[in-house]
Amino acid sequence: MLLATQVCTFYVDKQMFGVDVKSVQEVIRYQDMTDVPLAPESVVGLINLRGQIVTAIDLRRRLGLPARAPDQLPMNIVIRNDDGAVSLLVDHIGDVQEIDEENFESPPETLQGEAGELIQGAYKMKERLLLILDTERAMNVSAIVD
Amino acid sequence: MFVNDPELLNDFVVESIEHLANVESQLLTLECFTEEVNIPLVNKVFRSVHSIKGAAGFLGLGVVEKLAHRGEEVLDLLRNNEMKPTCDVINTLLKAMDRLKNLLETIDTSNEQDVSEHVDALVELMSVANSGSSTENEEPPDVCQIAPPQVGSPASSIHPETLREFLIEGYDNLEQLERDLVALERDPTNQELLNGIFRNIHTIKGTAGFLAFHSIESLTHAGEDLLGSVRNGQIELDNEMAAQLFVMIDIARRYLTAIETTGAEGTEDCTAFVQQLKDLASTRTGGASTSFPGARSSTTCSTSLPQPRPTSAGATKPVPPVSELTGNVVAVPVPNTDSPLTDKTITPEANASKLVPSAAEPKSSLNLEPTGHSAAESTIRVDVALLDKLMTRVGELVLARNQIVQFTNASGDNDLLNASQRLNLITTELQEGVMKTRMQPIGNVWAKFPRMVRDLAAICGKEVRIEMEGKETELDKTIIEAIKDPLTHLVRNTVDHGIEKPAKRVEAGKPMEGCLYLRAYHEGGQVNIEISDDGAGLNLNRIKDKAIERQLITAENAARLGERETAQLIFLPGFSTAETVSNVSGRGVGMDVVKTNIEKIGGTVDLQTELGRGTTVKIKIPLTLAIIPALIVTCQNNRFAIPQISLLELVRLEGEQATACIEWIQGKPVYRLRGRLLPLVYLDQVLKTAKPNTTPSEIVNIVVLRADERQFGLVVDRINDTEEIVVKPLSKQLKGVPVYSGATIMGDGKVALILDVLGLAHCSKVLSKKRERASLDNVARSKELGQNSQTLLILATGSNRRIALPISQVARLEKIDVESIEYTDDREVVQYRGEILPLIRLANALGIEDDFEPVDGLMNIVVYCEKDQSFGLVVNRIVDIVETALELTRHGHRPGLLGSSVIQEHVTDIVDLPAIVRQLEFSSELVAQNSI
């Protein structure tokens, strides 16, 4: 399934997620953002990352989870992709963890809808489940053109 | 032998195509002076073709070599004045060069292609010229021909630029040679290296020989012979040979230095060394000398040339025929004499016969050190990708600079302020500098036009002269690329449609030869390009007819168009006035592509024409795409950048004006801008960021924008400033949002979105249809587009009658108090802006039953202006403004009605306001007459 043995973990609404550590460009604290009116719902703004303009996607919105508490500032995980970089807003960052293919399981059938498509599967860690996020799909939001 | 080295081959193709580009323009120039042949120019052409031939032969490209060789032979005849550069000759040559270029472009299959047509044509030219005289040289081409006797005359004019090129190339080649030799020493069997070295040395020899630098020629020739044997496998390179070759390079370099400083090779004599090299070659090959086919040595050289060529040693020099050339001698500096430079007044004959004074050891003689910059160091070639990267970095630096300047201004620290000012200055200079590196003169694009115009003119049977002004005007490389096609279209169109046939021109009292005039100049941070002709001009009526015939526009619409608008019709997709579709143009694709492409890079196209006098197409384009001037506005605490190019003006309404001057038509706000209704668009509403229940603000800022020939006012909270912004693309997540074209980073480090004015206009329905002019094949759609340009004001009058009139005829919309109506001469009038405004009851004028009852004592008036007189049209209700395709059907013949159409699912009458007014004036005149 996942070739990398190391994943960068983070938390969104108490769930632990992981992405391939190699796809992560950097992790930065919350940045001021520029609103983008008319943008797709999960796009929350644009960040100036040392002269590079990065689009920020709120994973809570993307996964259809309730909004963050107003006093809770999200973290940015900047993911490299073909056309630049995209930042995923998460609640907080976890450790980089080793994963073992043996513990992998595909998502259960009950996982339906948008959120289900974004999760590639789960690693059964000691204390909890580590959900692997399909970053390509997570970033694949496009505007509704009227 | 086919050298299977793609890189080598690629270099050859690139180089050769460059050569051919020059050849083309040179041939065209030659054609202009058939009486007196411009020998130096012919020499240039000859040299280019010759290098192609030589390299092709070396690379085993037989067909290319064959064709180039025949071309070279014809050029040789021209050079020797045995042939005149008549139209025919130049034509054949041009065609051959075209074919040659074609071969080069398909180099992989070039050896299988058939070029006999061109070869035959060239041979025929030669046989005509040669008839009776010398027999033709049927032998395969031999490189030794490159020492053309003609230019052996020392003073034959070498253009300073040619000389410079030769020097740059020479130094480069020598350097390369040195590197390769070092490498070869380590790896003596490396065939590729050896080939490279051979080719290199051959090039030096060839050009030196051609420019009559005979010492270099004989020197390199000897080296070439030696290497030829190595290449052939007859001998193997050893240390001694390599050492000798290095010495050869050193001597050659000294010659070049001498040429650079004094213009001549100087007094250093290399005959002894040349002999040494020859001896070396012959001893190693066992006295077999150098006569093997592959080496192209001079000893196998055929001698059927007009003059015997000098032998390799350069010991005896033939006296070239200089009769025609002596005229040039005086005018040109004497850079290429073998004799010492002091002997400047020497005649070619005398000089040629005067042999090189033999000096002793090559090394002990002249030892000229180059002073200052040598020519080879003055230019370098840089990868465009690197420049692009630099450009991005500089863009970022500009942003960082903006930030620093902002901070320091706030801090008030003087030292910091000074430092930041310097940073500011340097950054600006750096930005300009980097931008300059990407700039190219527009002449690069124009260079191909003379040829194109010439060929087109010939096909169309016209005579066209092309004139250019501002060739040196520079533009960003990306923009140069983008305007290439549009300009080509325009030039082609001008020759095909614009300029008349000679007979017609004479009839019109114009000179036979038409003139195509290209002009480029900078103006206000933009580049203007004009393409003018003194041809027939556009027949506007015919354009209207054609547009109607091709159903691009309705007759009704056409009647309303002014001159300028009519001329713009030719930019519609599918438009062409050409009676027949020629292979030049007239397919109706072209002008719309021109417009689309120019607009794509933020440019505009304008067309002015005068029947019988000519047409001028004016293109305005930005200097660069990466950094653009923009207006920064604020809306709901978000900043947005609006590209200056779509900006027309700014309007600020304060206090009472803010509420009073904005009027509403069915909930759609409009503003009267100098008497015309300007639809208003609230940015916060379009972006859906408007906060509900806000009180109307005291100040209204209107940014008047132009989108695709239509104007609208964008209402924003605040207008900040204009700024140079660095355009950055949006990520794919946001590509689908039509109102943004990109983003930029502001001075404070925050991101601001760049508004796409066209997208904004669509979103706010200022423009009703998606603009899709790019698709040429879709004439059906373009038909729709042509008709759709109608915006109508829908009114209600009488009982349930819907009336529409073009909004372009509406000056203002007013509400007036019924009480204010006064009477004069039995007509209803109101006082309006200090004038008397006659009222027309539209229902009455149209003969409709009127059951009108004013609401709250107010009446709706549509103000219509004709000439200097305004009229107020009394209507029941103003319903809407729609943009729609008008398809009129006429039923009755009631005056004042153009017809009816179904608009918004209702039958709507379209009124003819001018007719109604005329009717009224007529009746008032009657009244006036009756009362007398």
# chains A, B, ... in the order shown; residues from 1 in each chain; ligands from 1
>>> interface_residues(of="chain A", to="chain B", cutoff="12 Å", atoms="only C-alpha atoms", output="PyMOL selection string")
chain A and resi 31-57+80-87+136-146
>>> write_last_selection(atoms="N, CA and C atoms", output="short mmCIF file (atom, residue, chain, number, x, y, z; two decimals), in the first residue's frame")
data_model
loop_
_atom_site.label_atom_id
_atom_site.label_comp_id
_atom_site.auth_asym_id
_atom_site.auth_seq_id
_atom_site.Cartn_x
_atom_site.Cartn_y
_atom_site.Cartn_z
N GLN A 31 -0.35 30.89 10.10
CA GLN A 31 0.05 32.10 9.37
C GLN A 31 -1.19 32.93 9.06
N ASP A 32 -0.97 34.21 8.94
CA ASP A 32 -2.05 35.07 8.45
C ASP A 32 -2.41 34.65 7.04
N MET A 33 -3.69 34.69 6.75
CA MET A 33 -4.10 34.25 5.43
C MET A 33 -4.92 35.32 4.74
N THR A 34 -4.91 35.26 3.43
CA THR A 34 -5.75 36.15 2.64
C THR A 34 -6.99 35.38 2.22
N ASP A 35 -8.13 35.93 2.52
CA ASP A 35 -9.38 35.27 2.12
C ASP A 35 -9.49 35.18 0.62
N VAL A 36 -10.12 34.13 0.16
CA VAL A 36 -10.41 34.02 -1.27
C VAL A 36 -11.91 33.86 -1.42
N PRO A 37 -12.62 34.96 -1.60
CA PRO A 37 -14.06 34.85 -1.79
C PRO A 37 -14.36 34.00 -3.02
N LEU A 38 -15.45 33.29 -2.97
CA LEU A 38 -15.92 32.43 -4.06
C LEU A 38 -15.10 31.16 -4.24
N ALA A 39 -14.11 30.96 -3.36
CA ALA A 39 -13.29 29.77 -3.50
C ALA A 39 -14.07 28.56 -3.01
N PRO A 40 -13.64 27.36 -3.37
CA PRO A 40 -14.28 26.16 -2.84
C PRO A 40 -14.28 26.22 -1.31
N GLU A 41 -15.25 25.58 -0.72
CA GLU A 41 -15.47 25.74 0.72
C GLU A 41 -14.24 25.41 1.55
N SER A 42 -13.53 24.34 1.19
CA SER A 42 -12.44 23.92 2.05
C SER A 42 -11.18 24.77 1.88
N VAL A 43 -11.15 25.61 0.85
CA VAL A 43 -10.00 26.51 0.70
C VAL A 43 -10.22 27.70 1.62
N VAL A 44 -9.32 27.85 2.60
CA VAL A 44 -9.55 28.91 3.58
C VAL A 44 -8.71 30.15 3.32
N GLY A 45 -7.75 30.08 2.44
CA GLY A 45 -7.00 31.30 2.16
C GLY A 45 -5.68 31.03 1.47
N LEU A 46 -4.94 32.13 1.29
CA LEU A 46 -3.63 32.05 0.65
C LEU A 46 -2.56 32.50 1.65
N ILE A 47 -1.45 31.78 1.66
CA ILE A 47 -0.36 32.10 2.57
C ILE A 47 0.86 32.51 1.75
N ASN A 48 1.58 33.51 2.23
CA ASN A 48 2.85 33.87 1.61
C ASN A 48 3.95 33.09 2.31
N LEU A 49 4.44 32.07 1.63
CA LEU A 49 5.50 31.25 2.21
C LEU A 49 6.80 31.66 1.53
N ARG A 50 7.49 32.59 2.10
CA ARG A 50 8.75 33.10 1.55
C ARG A 50 8.65 33.38 0.05
N GLY A 51 7.66 34.14 -0.31
CA GLY A 51 7.53 34.54 -1.70
C GLY A 51 6.76 33.57 -2.56
N GLN A 52 6.46 32.41 -2.00
CA GLN A 52 5.68 31.43 -2.76
C GLN A 52 4.25 31.53 -2.24
N ILE A 53 3.30 31.58 -3.16
CA ILE A 53 1.92 31.69 -2.71
C ILE A 53 1.33 30.28 -2.58
N VAL A 54 0.89 29.97 -1.36
CA VAL A 54 0.44 28.61 -1.06
C VAL A 54 -1.04 28.65 -0.70
N THR A 55 -1.79 27.77 -1.29
CA THR A 55 -3.21 27.68 -0.99
C THR A 55 -3.41 26.81 0.25
N ALA A 56 -4.22 27.29 1.18
CA ALA A 56 -4.45 26.54 2.41
C ALA A 56 -5.81 25.86 2.37
N ILE A 57 -5.80 24.56 2.68
CA ILE A 57 -7.04 23.79 2.72
C ILE A 57 -7.26 23.33 4.16
N ARG A 80 4.20 19.23 -0.79
CA ARG A 80 4.69 19.52 -2.15
C ARG A 80 3.85 18.75 -3.15
N ASN A 81 3.51 19.38 -4.24
CA ASN A 81 2.95 18.59 -5.34
C ASN A 81 3.40 19.19 -6.66
N ASP A 82 2.86 18.64 -7.74
CA ASP A 82 3.39 19.00 -9.05
C ASP A 82 3.32 20.49 -9.34
N ASP A 83 2.18 21.10 -9.01
CA ASP A 83 2.12 22.52 -9.34
C ASP A 83 2.28 23.39 -8.10
N GLY A 84 3.40 23.23 -7.44
CA GLY A 84 3.69 24.09 -6.31
C GLY A 84 3.46 23.38 -4.99
N ALA A 85 2.84 24.07 -4.06
CA ALA A 85 2.65 23.49 -2.75
C ALA A 85 1.28 23.87 -2.24
N VAL A 86 0.74 23.02 -1.39
CA VAL A 86 -0.55 23.27 -0.78
C VAL A 86 -0.39 23.05 0.71
N SER A 87 -1.03 23.89 1.49
CA SER A 87 -0.92 23.71 2.94
C SER A 87 -2.20 23.10 3.48
N GLU A 136 -3.23 13.57 -2.47
CA GLU A 136 -3.63 14.02 -3.81
C GLU A 136 -5.12 14.32 -3.85
N ARG A 137 -5.89 13.39 -3.27
CA ARG A 137 -7.34 13.59 -3.28
C ARG A 137 -7.74 14.73 -2.36
N ALA A 138 -7.06 14.81 -1.24
CA ALA A 138 -7.40 15.87 -0.29
C ALA A 138 -7.21 17.24 -0.92
N MET A 139 -6.21 17.32 -1.79
CA MET A 139 -5.93 18.62 -2.42
C MET A 139 -6.79 18.86 -3.64
N ASN A 140 -7.45 17.81 -4.07
CA ASN A 140 -8.21 17.92 -5.31
C ASN A 140 -9.58 18.54 -5.06
N VAL A 141 -9.59 19.82 -4.83
CA VAL A 141 -10.87 20.53 -4.74
C VAL A 141 -10.88 21.55 -5.85
N SER A 142 -11.99 21.66 -6.51
CA SER A 142 -12.03 22.68 -7.54
C SER A 142 -13.30 23.50 -7.38
N ALA A 143 -13.22 24.69 -7.89
CA ALA A 143 -14.32 25.63 -7.70
C ALA A 143 -15.53 25.22 -8.51
N ILE A 144 -16.65 25.57 -8.00
CA ILE A 144 -17.87 25.36 -8.77
C ILE A 144 -18.02 26.57 -9.68
N VAL A 145 -17.94 26.32 -10.95
CA VAL A 145 -18.04 27.44 -11.88
C VAL A 145 -19.49 27.64 -12.26
N ASP A 146 -19.96 28.87 -12.07
CA ASP A 146 -21.35 29.07 -12.51
C ASP A 146 -21.42 29.82 -13.80
#
>>> residues_around(residues="Lys14 of chain A", least_positions_apart="6", cutoff="12 Å", atoms="only C-alpha atoms", output="list in words")
Arg60, Leu65, Pro66, Arg68, Val90, Asp91, His92, Ile93, Gly94, Arg128, Leu129, Leu130 and Leu131 of chain A
>>> residues_around(residues="Glu663 of chain B", least_positions_apart="6", cutoff="10 Å", atoms="only C-alpha atoms", output="list in words")
Pro669, Val670, Tyr671, Arg672, Leu677, Pro679, Leu680, Arg812, Leu813 and Glu814 of chain B
>>> write_last_selection(atoms="N, CA and C atoms", output="tab-separated table (two decimals), in the first residue's frame")
chain	number	residue	atom	x	y	z
B	669	PRO	N	-28.15	48.71	-10.20
B	669	PRO	CA	-27.68	50.08	-10.07
B	669	PRO	C	-26.99	50.59	-11.34
B	670	VAL	N	-27.20	51.83	-11.64
B	670	VAL	CA	-26.49	52.47	-12.75
B	670	VAL	C	-26.02	53.85	-12.30
B	671	TYR	N	-25.01	54.33	-12.99
B	671	TYR	CA	-24.51	55.67	-12.69
B	671	TYR	C	-24.40	56.41	-14.01
B	672	ARG	N	-24.71	57.69	-13.97
B	672	ARG	CA	-24.61	58.47	-15.21
B	672	ARG	C	-23.21	59.03	-15.31
B	677	LEU	N	-25.31	55.87	-19.29
B	677	LEU	CA	-25.57	55.01	-18.15
B	677	LEU	C	-24.48	53.95	-18.04
B	679	PRO	N	-23.44	50.68	-16.05
B	679	PRO	CA	-23.91	49.67	-15.08
B	679	PRO	C	-22.90	49.55	-13.95
B	680	LEU	N	-23.40	49.44	-12.74
B	680	LEU	CA	-22.52	49.34	-11.59
B	680	LEU	C	-22.51	47.91	-11.05
B	812	ARG	N	-30.65	58.95	-20.10
B	812	ARG	CA	-30.89	58.88	-18.65
B	812	ARG	C	-32.26	58.29	-18.38
B	813	LEU	N	-32.42	57.88	-17.15
B	813	LEU	CA	-33.74	57.49	-16.68
B	813	LEU	C	-34.11	58.44	-15.55
B	814	GLU	N	-35.33	58.96	-15.60
B	814	GLU	CA	-35.74	59.94	-14.59
B	814	GLU	C	-37.11	59.58	-14.04
>>> residues_around(residues="Asp172 of chain B", least_positions_apart="4", cutoff="12 Å", atoms="only C-alpha atoms", output="list in words")
Glu165, Phe166, Leu167, Ile168, Gln176, Leu177, Glu178, Arg179, Asn200, Ile201, Thr203, Ile204, Ile249, Arg253, Leu256, Ser374, Ala375, Ala376, Glu377, Thr379 and Ile380 of chain B
>>> residues_around(residues="segment 907-917 of chain B", least_positions_apart="5", cutoff="6 Å", atoms="only C-alpha atoms", output="list in words")
Arg802, Ile803, Ala804, Leu805, Gly896, Leu897, Leu898, Gly899, Ser900, Ser901 and Val902 of chain B
>>> write_last_selection(atoms="C-alpha atoms", output="short mmCIF file (atom, residue, chain, number, x, y, z; two decimals), in the first residue's frame")
data_model
loop_
_atom_site.label_atom_id
_atom_site.label_comp_id
_atom_site.auth_asym_id
_atom_site.auth_seq_id
_atom_site.Cartn_x
_atom_site.Cartn_y
_atom_site.Cartn_z
CA ARG B 802 -43.79 45.45 -23.47
CA ILE B 803 -41.58 47.81 -25.33
CA ALA B 804 -37.85 47.59 -25.76
CA LEU B 805 -35.26 50.01 -26.98
CA GLY B 896 -42.15 53.98 -34.83
CA LEU B 897 -41.89 50.24 -34.48
CA LEU B 898 -38.97 48.28 -35.87
CA GLY B 899 -40.73 45.01 -35.24
CA SER B 900 -41.27 42.59 -32.44
CA SER B 901 -39.32 39.87 -30.81
CA VAL B 902 -39.70 37.40 -27.99
#
>>> residues_around(residues="Cys8 of chain A", least_positions_apart="3", cutoff="6 Å", atoms="only C-alpha atoms", output="list in words")
Gly18, Val19, Val21 and Val96 of chain A
